[in-house]
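Reading through the structure tokens given below for one structure.
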Amino acid sequence: MNKEQILALLSKYASGECTEEEKVLLEHWFYIQNSTDLPSIEEINADLDDVWSGLQQEPVSMRLWPRFAAAASIILFLSFGAYVITRKAKPESNREAKNQIITPGHNQATLSLANGKKIILTKGLSGRLAIQGKTNIIASQGNISYAGSADEKSVSYNTMSTSKGQQSPYPLVLADGTKVWLNADSKLTFPTAFISRERNVKLKGEGYFEVAKDPKHPFIVTTDKQEVKVLGTHFNICSYDDDPATITTLIEGSVEITEKKNEREGILKPGQQSILSSNQMKIREADVDEAIAWKDGYFMFESGDIESIMRKVARWYDIEVVYEGPIPQTKFYLSADRFSSISSLLKPLESSKRIHFKIEGRRITISK
């Protein structure tokens, strides 16, 4: 939860308006923020007295708001401390496993350099992160950029990767100015500088590309099953090992797709997507908003089957999904915030009465 969400829930909590789900979210936040041992009842009472005493000495003006928010947070921490202590006196049985909070993914990636060094990419980085040959890797203005020299004679290869439950917090700006975003469980391997006729990168998973225009130097994205060749354009590639097809969606410009195994080719126009499976390549009109929803921070499913939906959900929430009995064939229409609790995503699906979810720890069992 971000600061605004915390303060909004804090206000609802103080007025007794929190739902049970919101109380659980606040409890989880408390655990994250307070990894040390819980305080004793005596310490809770003493701290509460001190906080309230300080708040009553002066009115809460805009100037004092940060102090009030901090004090209120302390009260929230201590209140939850008492709540958890009370609950610990009750029989545990399987409550911990069954009620484990499944939190959404977050903005983080790992940059692996040619020398083996790894840099964790998170929000707030600034300045020079490393040097690769004559290329500087710089964090600034909301991106990670590779600033190279025009006379670079040799290059090394770097990799930006995300685990399940992660997406890149910044666009990665390659040496030619091309921008790349990575979805969860994805990997991009690229040169620190482009010195040959073609600009080649390799992708596993899902990435969104804004390719810098350079007619003399085609930009080529290689996946396990295909090559995408462009001169300058915006497009999305989804190519996971556990997906039945590789999907390339074109937002603007033009791309040429070559399937590796049988050398089938296709040309995409803006608003189209190619679907490459083991048997064929199809080109169809695309729902562009659905294809790049992940980049904009939400899920969007238009007539999605439960298997394809849950593959995306599993990567983002880092969970295991199993099916009990026949897999439901219902199609679903859904849009949801990627950073909300998993229940806000599953409840609308379950409300169809055609599917049921059982959550045990980080495993979700799906049945009719």
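Labeling convention for the structure tokens: chains A, B, ... as they appear, residues from 1 per chain, ligands from 1 in order of appearance.
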
Which of range 93-268 of chain A end up as strand (DSSP E or B) when DSSP is run on this backbone - answer as a ChimeraX atom specification? /A:106-107,109-112,118-121,127-132,135-140,143-147,157-161,166-167,172-173,179-182,187-191,199-210,219-222,226-230,234-239,246-252,255-259,265-268

Neighbouring residues of Gly325 in chain A were defined as those with any atom within 9 Å, considering only C-alpha atoms; residues of the same chain fewer than 4 positions away were excluded. Please report them as a ChimeraX atom specification. /A:366-368

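Distances to Glu210 in chain A were evaluated for A:Ile267, A:Met300, A:Leu174, A:Ile257 using only C-alpha atoms, and the minimum falls at A:Leu174.
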
As a tab-separated table (two decimals) with N, CA and C atoms, in the first residue's frame, please: the residues near Thr330 in chain A (cut-off 9 Å, only C-alpha atoms, same-chain neighbours under 2 positions excluded).
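Result written to selection.tsv:
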chain	number	residue	atom	x	y	z
A	303	SER	N	-13.14	-11.67	-22.71
A	303	SER	CA	-13.47	-13.04	-23.11
A	303	SER	C	-12.28	-13.96	-22.88
A	304	GLY	N	-11.70	-13.86	-21.68
A	304	GLY	CA	-10.55	-14.70	-21.34
A	304	GLY	C	-10.98	-15.99	-20.67
A	305	ASP	N	-10.32	-17.10	-21.01
A	305	ASP	CA	-10.60	-18.35	-20.32
A	305	ASP	C	-9.83	-18.37	-19.01
A	306	ILE	N	-10.28	-19.21	-18.08
A	306	ILE	CA	-9.72	-19.17	-16.73
A	306	ILE	C	-8.26	-19.58	-16.70
A	328	PRO	N	-13.06	-25.38	-15.89
A	328	PRO	CA	-14.23	-24.64	-16.37
A	328	PRO	C	-13.94	-23.94	-17.69
A	332	PHE	N	-14.54	-14.95	-19.37
A	332	PHE	CA	-14.71	-13.88	-18.39
A	332	PHE	C	-14.31	-12.52	-18.98
A	354	ARG	N	-19.99	-20.00	-11.63
A	354	ARG	CA	-19.52	-21.09	-12.48
A	354	ARG	C	-18.13	-21.56	-12.09
A	355	ILE	N	-17.58	-20.93	-11.06
A	355	ILE	CA	-16.22	-21.25	-10.67
A	355	ILE	C	-16.06	-20.99	-9.18

What's around Ala109 in chain A at 6 Å? Count only C-alpha atoms, leave out sequence neighbours fewer than 2 positions away in its own chain, and write the answer as a list in words.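 That gives Leu121, Ser161, Thr162 and Ser168 of chain A.
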
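CA of Ile342 in chain A lies 12.7 Å from CA of Gly361 in chain A.
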